[in-house]
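Coordinates from input_9.cif are shown below (mmCIF, C-alpha atoms and all ligand atoms).
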data_coords
#
loop_
_atom_site.label_atom_id
_atom_site.label_comp_id
_atom_site.auth_asym_id
_atom_site.auth_seq_id
_atom_site.Cartn_x
_atom_site.Cartn_y
_atom_site.Cartn_z
CA MET V 1 1.67 -44.84 5.67
CA GLN V 2 3.99 -41.81 5.50
CA LEU V 3 3.31 -38.42 4.01
CA PHE V 4 4.72 -37.77 0.56
CA ASP V 5 7.50 -35.35 1.42
CA VAL V 6 6.78 -32.40 -0.88
CA TYR V 7 7.10 -29.42 1.49
CA PRO V 8 10.04 -28.28 3.66
CA LEU V 9 8.34 -27.73 7.03
CA ASN V 10 8.88 -25.29 9.87
CA ASP V 11 8.86 -27.14 13.20
CA ILE V 12 5.62 -25.46 14.34
CA THR V 13 2.18 -26.95 14.97
CA ILE V 14 -0.71 -24.49 14.87
CA GLU V 15 -3.57 -25.34 17.23
CA LYS V 16 -5.66 -22.20 17.39
CA ALA V 17 -6.21 -19.11 15.26
CA GLU V 18 -8.00 -15.82 15.77
CA GLY V 19 -8.01 -12.69 13.59
CA SER V 20 -4.44 -12.02 12.42
CA TYR V 21 -2.91 -14.31 15.04
CA VAL V 22 -2.23 -18.05 15.27
CA TYR V 23 -1.15 -20.06 18.34
CA ASP V 24 1.07 -23.13 18.45
CA ASP V 25 0.72 -26.22 20.66
CA LYS V 26 2.91 -24.57 23.33
CA GLY V 27 0.64 -21.52 23.49
CA THR V 28 3.04 -19.19 21.64
CA ARG V 29 1.24 -16.47 19.71
CA TYR V 30 2.35 -15.61 16.17
CA LEU V 31 1.37 -12.63 14.04
CA ASP V 32 0.19 -14.03 10.70
CA LEU V 33 1.32 -11.74 7.88
CA TYR V 34 1.33 -14.67 5.48
CA GLY V 35 -2.39 -15.45 5.72
CA GLY V 36 -1.61 -19.09 4.93
CA HIS V 37 -0.40 -17.88 1.54
CA ALA V 38 -2.92 -15.07 0.89
CA VAL V 39 -5.82 -17.33 1.82
CA ILE V 40 -7.03 -15.80 5.09
CA SER V 41 -8.91 -12.76 3.83
CA ILE V 42 -11.33 -11.90 6.65
CA GLY V 43 -9.16 -13.18 9.51
CA HIS V 44 -9.00 -16.52 11.27
CA GLY V 45 -12.10 -17.78 13.02
CA HIS V 46 -14.40 -14.89 12.08
CA LYS V 47 -17.68 -15.37 13.96
CA HIS V 48 -19.97 -14.69 11.00
CA TYR V 49 -17.96 -17.14 8.87
CA ILE V 50 -18.21 -19.90 11.49
CA THR V 51 -21.96 -19.36 11.97
CA ARG V 52 -22.69 -19.27 8.23
CA ILE V 53 -20.78 -22.52 7.52
CA THR V 54 -22.11 -24.30 10.62
CA GLU V 55 -25.71 -23.41 9.83
CA GLN V 56 -25.30 -24.57 6.23
CA LEU V 57 -23.65 -27.82 7.32
CA ALA V 58 -26.60 -28.58 9.58
CA LYS V 59 -28.96 -28.21 6.59
CA VAL V 60 -27.10 -29.68 3.61
CA GLY V 61 -23.32 -29.75 3.06
CA PHE V 62 -23.18 -31.13 -0.44
CA TYR V 63 -25.32 -32.07 -3.32
CA SER V 64 -24.22 -32.27 -6.92
CA ASN V 65 -24.50 -29.75 -9.74
CA SER V 66 -27.40 -31.75 -11.18
CA VAL V 67 -29.86 -29.78 -9.02
CA LYS V 68 -30.56 -26.10 -8.39
CA ILE V 69 -28.27 -24.61 -5.74
CA PRO V 70 -29.66 -21.18 -4.75
CA GLN V 71 -26.50 -20.41 -2.75
CA GLN V 72 -24.60 -20.35 -6.09
CA VAL V 73 -27.01 -17.76 -7.47
CA ALA V 74 -26.69 -15.65 -4.31
CA LEU V 75 -22.89 -15.89 -4.52
CA ALA V 76 -22.84 -14.85 -8.19
CA GLU V 77 -25.04 -11.84 -7.39
CA LYS V 78 -22.95 -10.73 -4.45
CA LEU V 79 -19.65 -11.25 -6.29
CA GLY V 80 -20.91 -9.41 -9.37
CA HIS V 81 -21.91 -6.50 -7.16
CA LEU V 82 -18.74 -6.26 -5.05
CA SER V 83 -16.40 -6.76 -7.98
CA GLY V 84 -18.30 -4.28 -10.15
CA LYS V 85 -18.81 -6.89 -12.90
CA GLU V 86 -22.55 -7.45 -12.55
CA ASP V 87 -23.04 -8.68 -16.12
CA TYR V 88 -20.32 -11.38 -15.84
CA GLN V 89 -21.13 -15.09 -15.30
CA LEU V 90 -19.72 -17.32 -12.56
CA PHE V 91 -18.31 -20.84 -12.89
CA LEU V 92 -17.31 -22.45 -9.60
CA CYS V 93 -14.47 -24.89 -8.96
CA ASN V 94 -12.06 -25.72 -6.14
CA SER V 95 -8.56 -24.29 -6.54
CA GLY V 96 -6.55 -21.61 -8.29
CA ALA V 97 -4.95 -24.00 -10.76
CA GLU V 98 -8.34 -25.39 -11.65
CA ALA V 99 -9.71 -21.87 -12.17
CA ASN V 100 -6.87 -21.02 -14.58
CA GLU V 101 -7.14 -24.40 -16.31
CA ASN V 102 -10.85 -23.80 -16.96
CA ALA V 103 -10.28 -20.19 -18.04
CA MET V 104 -7.73 -21.25 -20.66
CA LYS V 105 -9.91 -24.14 -21.84
CA LEU V 106 -12.88 -21.82 -22.18
CA ALA V 107 -10.79 -19.34 -24.20
CA SER V 108 -9.70 -22.16 -26.49
CA PHE V 109 -13.28 -23.45 -26.90
CA ALA V 110 -14.57 -19.95 -27.60
CA THR V 111 -11.91 -19.00 -30.17
CA GLY V 112 -11.23 -22.43 -31.64
CA ARG V 113 -7.50 -21.62 -31.21
CA LYS V 114 -4.62 -23.29 -29.36
CA LYS V 115 -1.96 -20.72 -28.46
CA ILE V 116 -1.79 -18.95 -25.11
CA ILE V 117 0.52 -16.07 -24.24
CA ALA V 118 2.00 -16.09 -20.73
CA PHE V 119 4.85 -14.08 -19.23
CA THR V 120 8.23 -14.43 -17.61
CA LYS V 121 8.09 -15.15 -13.85
CA ALA V 122 4.36 -16.01 -14.08
CA PHE V 123 2.84 -18.60 -11.73
CA HIS V 124 -0.57 -20.02 -12.65
CA GLY V 125 -0.73 -23.35 -10.78
CA ARG V 126 0.19 -27.00 -11.15
CA THR V 127 -2.44 -28.66 -13.33
CA SER V 128 -1.44 -29.39 -16.92
CA LEU V 129 -2.20 -26.14 -18.78
CA ALA V 130 -1.72 -23.94 -15.71
CA VAL V 131 1.73 -25.33 -15.08
CA ALA V 132 2.64 -25.13 -18.76
CA ALA V 133 1.82 -21.40 -18.55
CA THR V 134 4.01 -21.10 -15.43
CA ASP V 135 7.55 -19.86 -15.98
CA ASN V 136 9.34 -22.50 -13.92
CA PRO V 137 10.74 -25.49 -15.85
CA ALA V 138 11.45 -27.30 -12.56
CA ILE V 139 7.74 -27.95 -11.96
CA ILE V 140 6.74 -28.77 -15.55
CA ALA V 141 6.67 -32.56 -15.98
CA PRO V 142 7.57 -33.91 -19.42
CA VAL V 143 3.91 -34.75 -20.04
CA ASN V 144 2.94 -31.09 -19.43
CA GLN V 145 5.37 -29.68 -21.99
CA THR V 146 3.57 -28.09 -24.91
CA ASP V 147 4.31 -25.74 -27.81
CA ASN V 148 0.96 -24.06 -27.24
CA ILE V 149 2.28 -21.62 -24.64
CA ILE V 150 4.24 -18.59 -25.86
CA PHE V 151 6.29 -16.88 -23.13
CA LEU V 152 6.90 -13.16 -23.57
CA PRO V 153 8.75 -10.70 -21.31
CA PHE V 154 6.50 -9.27 -18.56
CA ASN V 155 5.61 -5.58 -18.84
CA ASP V 156 6.83 -5.31 -22.43
CA PRO V 157 3.99 -3.94 -24.61
CA GLU V 158 6.24 -3.92 -27.68
CA ALA V 159 6.92 -7.67 -27.48
CA LEU V 160 3.19 -8.27 -27.14
CA ASN V 161 2.34 -6.11 -30.17
CA THR V 162 4.98 -7.88 -32.24
CA CYS V 163 3.76 -11.35 -31.25
CA PHE V 164 0.14 -10.47 -32.09
CA ALA V 165 1.18 -8.89 -35.41
CA GLU V 166 2.95 -12.15 -36.35
CA GLN V 167 0.44 -14.73 -35.10
CA GLY V 168 -2.61 -12.94 -33.67
CA ASP V 169 -5.07 -15.23 -35.42
CA LEU V 170 -3.63 -18.24 -33.55
CA ILE V 171 -3.84 -16.70 -30.06
CA ALA V 172 -6.70 -17.99 -27.90
CA ALA V 173 -5.76 -16.04 -24.78
CA VAL V 174 -3.32 -13.88 -22.88
CA ILE V 175 -3.02 -14.73 -19.18
CA THR V 176 -1.37 -12.52 -16.58
CA GLU V 177 -1.44 -11.78 -12.89
CA GLY V 178 -2.14 -8.14 -11.97
CA ILE V 179 0.73 -8.38 -9.51
CA GLN V 180 3.03 -11.38 -9.87
CA GLY V 181 3.12 -13.09 -6.48
CA VAL V 182 5.38 -16.14 -6.64
CA GLY V 183 7.52 -14.16 -9.10
CA GLY V 184 8.42 -11.70 -6.33
CA ILE V 185 5.63 -9.03 -6.18
CA HIS V 186 5.99 -7.36 -9.56
CA GLU V 187 3.08 -5.18 -10.65
CA ALA V 188 1.83 -5.22 -14.22
CA THR V 189 2.04 -1.66 -15.55
CA ILE V 190 -1.11 0.10 -16.62
CA SER V 191 0.14 0.48 -20.21
CA PHE V 192 0.97 -3.24 -20.35
CA LEU V 193 -2.55 -4.26 -19.24
CA GLN V 194 -4.08 -1.76 -21.64
CA THR V 195 -1.97 -3.20 -24.49
CA ILE V 196 -3.21 -6.71 -23.64
CA ARG V 197 -6.80 -5.40 -23.83
CA HIS V 198 -6.09 -3.64 -27.12
CA CYS V 199 -4.46 -6.71 -28.75
CA CYS V 200 -7.22 -9.06 -27.50
CA ASN V 201 -9.87 -6.72 -28.93
CA ARG V 202 -8.10 -6.44 -32.25
CA TYR V 203 -7.45 -10.18 -32.71
CA ASN V 204 -10.53 -11.55 -30.89
CA SER V 205 -8.44 -13.23 -28.21
CA VAL V 206 -9.44 -13.65 -24.57
CA PHE V 207 -7.81 -11.59 -21.79
CA ILE V 208 -7.51 -13.75 -18.65
CA ALA V 209 -6.73 -11.90 -15.42
CA ASP V 210 -5.25 -14.37 -12.94
CA SER V 211 -6.53 -12.86 -9.71
CA VAL V 212 -5.93 -15.96 -7.58
CA GLN V 213 -3.39 -14.21 -5.36
CA CYS V 214 -3.65 -10.48 -6.16
CA GLY V 215 -7.46 -10.35 -6.39
CA TYR V 216 -10.39 -10.48 -3.99
CA GLY V 217 -9.78 -7.04 -2.51
CA ARG V 218 -6.16 -7.59 -1.57
CA THR V 219 -4.88 -4.43 -3.26
CA GLY V 220 -7.79 -2.19 -2.26
CA LEU V 221 -9.71 -2.67 -5.51
CA PHE V 222 -11.53 -5.95 -6.04
CA TYR V 223 -9.14 -7.06 -8.81
CA ALA V 224 -5.58 -5.71 -9.07
CA HIS V 225 -6.08 -5.48 -12.84
CA ASP V 226 -8.79 -2.85 -12.20
CA TYR V 227 -6.11 -0.19 -11.68
CA SER V 228 -5.57 -0.23 -15.46
CA GLY V 229 -9.12 0.97 -16.13
CA VAL V 230 -9.75 -1.87 -18.62
CA ASN V 231 -11.74 -5.05 -18.11
CA ALA V 232 -10.46 -8.57 -18.65
CA ASP V 233 -12.71 -11.18 -20.30
CA ILE V 234 -12.15 -13.71 -17.51
CA TYR V 235 -11.03 -13.21 -13.90
CA THR V 236 -9.82 -16.28 -12.05
CA MET V 237 -10.01 -16.35 -8.25
CA ALA V 238 -9.38 -18.73 -5.38
CA LYS V 239 -7.24 -18.11 -2.28
CA GLY V 240 -9.09 -15.34 -0.38
CA MET V 241 -12.47 -16.43 -1.72
CA GLY V 242 -13.20 -18.97 1.02
CA ASN V 243 -10.93 -17.73 3.85
CA GLY V 244 -9.48 -21.26 3.96
CA PHE V 245 -12.42 -23.24 2.63
CA PRO V 246 -11.39 -24.66 -0.78
CA VAL V 247 -13.50 -22.72 -3.25
CA ALA V 248 -12.51 -21.05 -6.51
CA GLY V 249 -14.18 -19.56 -9.52
CA ILE V 250 -13.96 -17.78 -12.81
CA SER V 251 -15.90 -14.63 -13.62
CA ILE V 252 -16.72 -14.67 -17.32
CA ALA V 253 -17.68 -11.72 -19.57
CA PRO V 254 -21.15 -11.90 -21.14
CA HIS V 255 -19.85 -12.39 -24.70
CA LEU V 256 -18.39 -15.79 -23.75
CA GLN V 257 -21.24 -18.25 -23.89
CA ALA V 258 -21.69 -21.50 -22.02
CA LYS V 259 -22.59 -24.84 -23.54
CA HIS V 260 -23.75 -27.75 -21.43
CA PHE V 261 -20.88 -29.97 -20.21
CA MET V 262 -18.22 -27.69 -21.74
CA LEU V 263 -16.84 -27.26 -18.20
CA GLY V 264 -17.68 -29.16 -15.05
CA SER V 265 -16.73 -30.13 -11.52
CA THR V 266 -18.03 -32.59 -8.92
CA PHE V 267 -17.29 -30.48 -5.86
CA GLY V 268 -17.31 -27.02 -7.44
CA GLY V 269 -19.96 -24.71 -5.99
CA ASN V 270 -21.24 -27.12 -3.35
CA HIS V 271 -23.51 -25.78 -0.61
CA LEU V 272 -20.80 -25.54 2.01
CA ALA V 273 -18.28 -23.85 -0.31
CA CYS V 274 -20.91 -21.28 -1.29
CA ALA V 275 -21.74 -20.59 2.37
CA ALA V 276 -18.04 -19.96 3.06
CA ALA V 277 -17.66 -17.71 0.01
CA LEU V 278 -20.86 -15.80 0.83
CA ALA V 279 -19.70 -15.26 4.41
CA VAL V 280 -16.41 -13.83 3.13
CA LEU V 281 -18.13 -11.36 0.80
CA GLU V 282 -20.62 -10.36 3.50
CA VAL V 283 -17.80 -9.60 5.94
CA MET V 284 -15.80 -7.79 3.27
CA ALA V 285 -18.75 -5.51 2.58
CA ALA V 286 -19.88 -5.01 6.20
CA GLU V 287 -16.38 -4.27 7.52
CA ASN V 288 -15.10 -2.24 4.54
CA LEU V 289 -12.16 -4.57 4.08
CA LEU V 290 -11.14 -3.22 0.67
CA GLN V 291 -10.72 0.23 2.17
CA ASN V 292 -8.78 -1.22 5.10
CA ALA V 293 -6.50 -3.17 2.74
CA ALA V 294 -5.73 0.05 0.87
CA ALA V 295 -5.21 2.17 3.99
CA THR V 296 -3.19 -0.31 6.06
CA GLY V 297 -1.26 -1.30 2.93
CA ASN V 298 -0.32 2.33 2.25
CA TYR V 299 0.69 2.76 5.87
CA LEU V 300 3.03 -0.25 5.63
CA LEU V 301 4.40 0.71 2.21
CA GLN V 302 5.23 4.25 3.33
CA ALA V 303 6.98 3.08 6.48
CA LEU V 304 8.91 0.38 4.62
CA ARG V 305 10.05 2.84 1.94
CA GLN V 306 11.68 4.93 4.66
CA MET V 307 13.41 2.01 6.35
CA GLU V 308 17.14 1.51 5.92
CA GLY V 309 18.62 -1.82 4.87
CA ILE V 310 15.93 -2.73 2.32
CA ALA V 311 16.88 -3.07 -1.36
CA ALA V 312 13.36 -2.43 -2.75
CA VAL V 313 9.72 -2.26 -1.65
CA ARG V 314 7.02 -3.27 -4.16
CA GLY V 315 3.29 -3.92 -4.21
CA ARG V 316 -0.10 -2.41 -3.55
CA GLY V 317 -2.48 -2.63 -0.60
CA LEU V 318 -1.83 -5.75 1.44
CA MET V 319 0.27 -7.49 -1.20
CA ILE V 320 3.76 -6.27 -0.41
CA GLY V 321 7.23 -7.46 -1.42
CA ILE V 322 10.27 -6.43 0.62
CA GLU V 323 13.43 -7.21 -1.31
CA LEU V 324 16.39 -7.62 1.01
CA PRO V 325 20.07 -7.47 0.07
CA PRO V 326 21.36 -10.92 -1.03
CA ASN V 327 23.43 -11.39 2.15
CA ARG V 328 20.42 -10.92 4.50
CA THR V 329 19.02 -14.41 4.06
CA GLU V 330 18.38 -14.94 7.79
CA VAL V 331 15.77 -12.18 8.24
CA LYS V 332 12.67 -14.21 7.34
CA LYS V 333 13.62 -17.08 9.70
CA ASN V 334 14.44 -14.59 12.46
CA LEU V 335 11.08 -12.88 12.06
CA LEU V 336 9.44 -16.27 12.59
CA PHE V 337 11.54 -17.77 15.35
CA ARG V 338 12.68 -14.65 17.27
CA HIS V 339 9.72 -12.33 16.75
CA HIS V 340 6.99 -14.92 16.09
CA ILE V 341 5.83 -13.35 12.84
CA PHE V 342 4.83 -15.45 9.83
CA THR V 343 5.71 -13.94 6.43
CA GLY V 344 5.87 -15.38 2.93
CA GLU V 345 8.88 -15.40 0.64
CA ALA V 346 9.84 -15.27 -3.01
CA LYS V 347 13.15 -15.96 -4.67
CA PRO V 348 15.84 -14.76 -4.42
CA ASN V 349 15.39 -12.84 -1.15
CA VAL V 350 11.97 -11.21 -1.05
CA ILE V 351 9.72 -11.20 2.02
CA ARG V 352 6.09 -11.36 0.93
CA LEU V 353 3.33 -9.90 3.09
CA LEU V 354 -0.13 -11.33 2.36
CA PRO V 355 -2.07 -10.78 5.60
CA ALA V 356 -5.79 -10.78 6.31
CA LEU V 357 -7.50 -7.71 4.86
CA ASN V 358 -8.58 -6.54 8.33
CA LEU V 359 -5.00 -6.19 9.57
CA THR V 360 -4.77 -3.38 12.13
CA THR V 361 -2.15 -0.61 12.21
CA GLU V 362 -1.10 -1.93 15.66
CA ALA V 363 -0.24 -5.29 14.10
CA ALA V 364 1.52 -3.49 11.24
CA ASP V 365 3.57 -1.50 13.79
CA HIS V 366 4.50 -4.70 15.60
CA PHE V 367 5.95 -6.03 12.33
CA LEU V 368 7.72 -2.76 11.41
CA HIS V 369 9.37 -2.66 14.82
CA ALA V 370 10.58 -6.28 14.52
CA LEU V 371 11.90 -5.75 10.99
CA LYS V 372 13.75 -2.61 12.03
CA GLN V 373 15.47 -4.54 14.81
CA GLU V 374 16.49 -7.28 12.38
CA LEU V 375 17.88 -4.85 9.82
CA HIS V 376 20.07 -2.97 12.33
C1 LIG V 401 -1.27 -16.27 -9.18
C2 LIG V 401 -1.59 -17.69 -8.84
N1 LIG V 401 -2.32 -18.42 -9.69
C3 LIG V 401 -2.65 -19.71 -9.41
C4 LIG V 401 -2.22 -20.31 -8.24
C5 LIG V 401 -2.60 -21.75 -7.98
O1 LIG V 401 -3.53 -21.82 -6.97
P1 LIG V 401 -3.82 -23.22 -6.22
O2 LIG V 401 -2.63 -23.52 -5.39
O3 LIG V 401 -5.05 -22.96 -5.41
O4 LIG V 401 -4.05 -24.24 -7.27
C6 LIG V 401 -1.45 -19.58 -7.33
C7 LIG V 401 -0.98 -20.22 -6.08
O5 LIG V 401 -0.08 -19.77 -5.42
C8 LIG V 401 -1.12 -18.24 -7.64
O6 LIG V 401 -0.38 -17.51 -6.80
#

Spell out the structure here as structure tokens.
Amino acid sequence: MQLFDVYPLNDITIEKAEGSYVYDDKGTRYLDLYGGHAVISIGHGHKHYITRITEQLAKVGFYSNSVKIPQQVALAEKLGHLSGKEDYQLFLCNSGAEANENAMKLASFATGRKKIIAFTKAFHGRTSLAVAATDNPAIIAPVNQTDNIIFLPFNDPEALNTCFAEQGDLIAAVITEGIQGVGGIHEATISFLQTIRHCCNRYNSVFIADSVQCGYGRTGLFYAHDYSGVNADIYTMAKGMGNGFPVAGISIAPHLQAKHFMLGSTFGGNHLACAAALAVLEVMAAENLLQNAAATGNYLLQALRQMEGIAAVRGRGLMIGIELPPNRTEVKKNLLFRHHIFTGEAKPNVIRLLPALNLTTEAADHFLHALKQELH
């Protein structure tokens, strides 16, 4: 059997990983500023993470959601505390798309409405509703096409007000990333997020904060949307939550009430996934990783803003977009193959940095030095 060929691959095989570094099968060391797409939050191979998962595996790895799973309760408590949303409720699933899918379903159940507002350049995943709310026709299969999603321009409070004035009583939810990732690292403005909150309050719609990529401490606050000073009704999370273990969740405001079997998942919240997610939160708290993300992120942002040859620098904390001039398409490949540094990308020519939250300034300097060389 062959693999279904869905990803263009770099000719690199990773065999070992430690902290912010990965090693290929020839022993070459790479600096990982991509974090496997914002997934590696506490660093590769963290000792506490390995111990926590191994110990759990030796006891029980999986049993279904038909029994009590105390690890889920512990995770909800810890997450409520670290995210500052202690009165929210946690539903556990397995991926970012699934988190958004469940968030939008829940909003529709709760309001009895069908329409969802999403924004230009948004990415919310590849399941049916999540992909329909994603602004990329190339990945929307005919069966996923629906009139229930209304796309509005990102960061345009006026357009939002107008849409709600015209059809507010049909709107189940508004979904937005705090910083658009796949869209090229574009931050939602504070006034835009506050307008979403205002409209959702006025028309009893649900504000969904897609925090799959920008959340979980990446920007220095637990959720990137927190910079606006308003709360969303649902936060969706995945990537950094398990440091590579597939675990995702939605954090749900107290006014949204559960009914049995309204949502569900076979694997969601299993013992092993909870152990991974608990280990991540424990390390984040013990090692002050939110503070480090803010400090090291600022350090990088300041240095990048002074560097010549860059068209624009965007982002917050350790979610950084470096927009290069259109003719400098070779830089990302050169960083990887000449300097052995993994970075992410976004179209048309943006380098995305999504490293582990414990990135050191030495590793940041290593990258800045390599980028400077490439841009001269
Ligand atoms: C903002 C955002 N939402 C949702 C997703 C989908 O997550 P997953 O690939 O885990 O389904 C992604 C993935 O890149 C994302 O960046």

As a quick test: using all atoms listed in the file, which residues lie no more than 7 Å away from ligand LIG 401 (chain V)? Give them as a PDB file with C-alpha atoms, in the coordinates of the input.
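Output contents, as saved in part.pdb:
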ATOM      1  CA  SER V  95      -8.560 -24.290  -6.540  1.00  0.00           C
ATOM      2  CA  GLY V  96      -6.550 -21.610  -8.290  1.00  0.00           C
ATOM      3  CA  ALA V  97      -4.950 -24.000 -10.760  1.00  0.00           C
ATOM      4  CA  GLU V  98      -8.340 -25.390 -11.650  1.00  0.00           C
ATOM      5  CA  ASN V 100      -6.870 -21.020 -14.580  1.00  0.00           C
ATOM      6  CA  PHE V 123       2.840 -18.600 -11.730  1.00  0.00           C
ATOM      7  CA  HIS V 124      -0.570 -20.020 -12.650  1.00  0.00           C
ATOM      8  CA  GLY V 125      -0.730 -23.350 -10.780  1.00  0.00           C
ATOM      9  CA  ARG V 126       0.190 -27.000 -11.150  1.00  0.00           C
ATOM     10  CA  GLU V 177      -1.440 -11.780 -12.890  1.00  0.00           C
ATOM     11  CA  GLN V 180       3.030 -11.380  -9.870  1.00  0.00           C
ATOM     12  CA  GLY V 181       3.120 -13.090  -6.480  1.00  0.00           C
ATOM     13  CA  VAL V 182       5.380 -16.140  -6.640  1.00  0.00           C
ATOM     14  CA  ASP V 210      -5.250 -14.370 -12.940  1.00  0.00           C
ATOM     15  CA  SER V 211      -6.530 -12.860  -9.710  1.00  0.00           C
ATOM     16  CA  VAL V 212      -5.930 -15.960  -7.580  1.00  0.00           C
ATOM     17  CA  GLN V 213      -3.390 -14.210  -5.360  1.00  0.00           C
ATOM     18  CA  CYS V 214      -3.650 -10.480  -6.160  1.00  0.00           C
ATOM     19  CA  ALA V 238      -9.380 -18.730  -5.380  1.00  0.00           C
ATOM     20  CA  LYS V 239      -7.240 -18.110  -2.280  1.00  0.00           C
TER      21      LYS V 239
END

- Message: If we count all atoms listed in the file and set the cut-off at 9 Å, which residues sit around stretch 291-295 of chain V, ignoring sequence neighbours fewer than 6 positions away in its own chain? Please answer as number ranges by chain.
- Response: V: 217-221, 316-319, 356-360

- Task: Using atom CA of V:Leu33 and atom CA of V:Lys333 as the two end points, give the distance in Å to one decimal.
- Result: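 Separation between atom CA of V:Leu33 and atom CA of V:Lys333: 13.5 Å.
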
- Task: Counting only C-alpha atoms, find the residues whose atoms lie at most 9 Å from (-5.4, -13.0, -29.0) (file coordinates) and write them out as a ChimeraX atom specification.
- Result: /V:111,115-117,164,167-174,196,199-207

Those same residues - C-alpha atoms - I'd like them written as a PDB file, in the coordinates of the input.
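And here's selection.pdb as it stands now:
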ATOM      1  CA  THR V 111     -11.910 -19.000 -30.170  1.00  0.00           C
ATOM      2  CA  LYS V 115      -1.960 -20.720 -28.460  1.00  0.00           C
ATOM      3  CA  ILE V 116      -1.790 -18.950 -25.110  1.00  0.00           C
ATOM      4  CA  ILE V 117       0.520 -16.070 -24.240  1.00  0.00           C
ATOM      5  CA  PHE V 164       0.140 -10.470 -32.090  1.00  0.00           C
ATOM      6  CA  GLN V 167       0.440 -14.730 -35.100  1.00  0.00           C
ATOM      7  CA  GLY V 168      -2.610 -12.940 -33.670  1.00  0.00           C
ATOM      8  CA  ASP V 169      -5.070 -15.230 -35.420  1.00  0.00           C
ATOM      9  CA  LEU V 170      -3.630 -18.240 -33.550  1.00  0.00           C
ATOM     10  CA  ILE V 171      -3.840 -16.700 -30.060  1.00  0.00           C
ATOM     11  CA  ALA V 172      -6.700 -17.990 -27.900  1.00  0.00           C
ATOM     12  CA  ALA V 173      -5.760 -16.040 -24.780  1.00  0.00           C
ATOM     13  CA  VAL V 174      -3.320 -13.880 -22.880  1.00  0.00           C
ATOM     14  CA  ILE V 196      -3.210  -6.710 -23.640  1.00  0.00           C
ATOM     15  CA  CYS V 199      -4.460  -6.710 -28.750  1.00  0.00           C
ATOM     16  CA  CYS V 200      -7.220  -9.060 -27.500  1.00  0.00           C
ATOM     17  CA  ASN V 201      -9.870  -6.720 -28.930  1.00  0.00           C
ATOM     18  CA  ARG V 202      -8.100  -6.440 -32.250  1.00  0.00           C
ATOM     19  CA  TYR V 203      -7.450 -10.180 -32.710  1.00  0.00           C
ATOM     20  CA  ASN V 204     -10.530 -11.550 -30.890  1.00  0.00           C
ATOM     21  CA  SER V 205      -8.440 -13.230 -28.210  1.00  0.00           C
ATOM     22  CA  VAL V 206      -9.440 -13.650 -24.570  1.00  0.00           C
ATOM     23  CA  PHE V 207      -7.810 -11.590 -21.790  1.00  0.00           C
TER      24      PHE V 207
END

- Message: Let me make sure I understand: among V:Asp135, V:Leu336, V:Gly80, V:Phe62, which one has the smallest atom-to-atom distance to V:Asp11 if we use only C-alpha atoms?
- Response: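 Going through V:Asp135, V:Leu336, V:Gly80, V:Phe62 one by one, the smallest distance to V:Asp11 is for V:Leu336.
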
- Message: Measuring between only C-alpha atoms, which one of V:Leu300, V:Glu55, V:Ala110, V:Glu15 shows the shortest distance to V:Glu362?
- Response: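 Checking each candidate against V:Glu362, we get V:Leu300 as the closest.
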
- Task: Kindly give the distance, in Å, that separates atom CA of V:Lys26 and atom CA of V:Ala363, rounded to a single decimal.
- Result: 21.6 Å
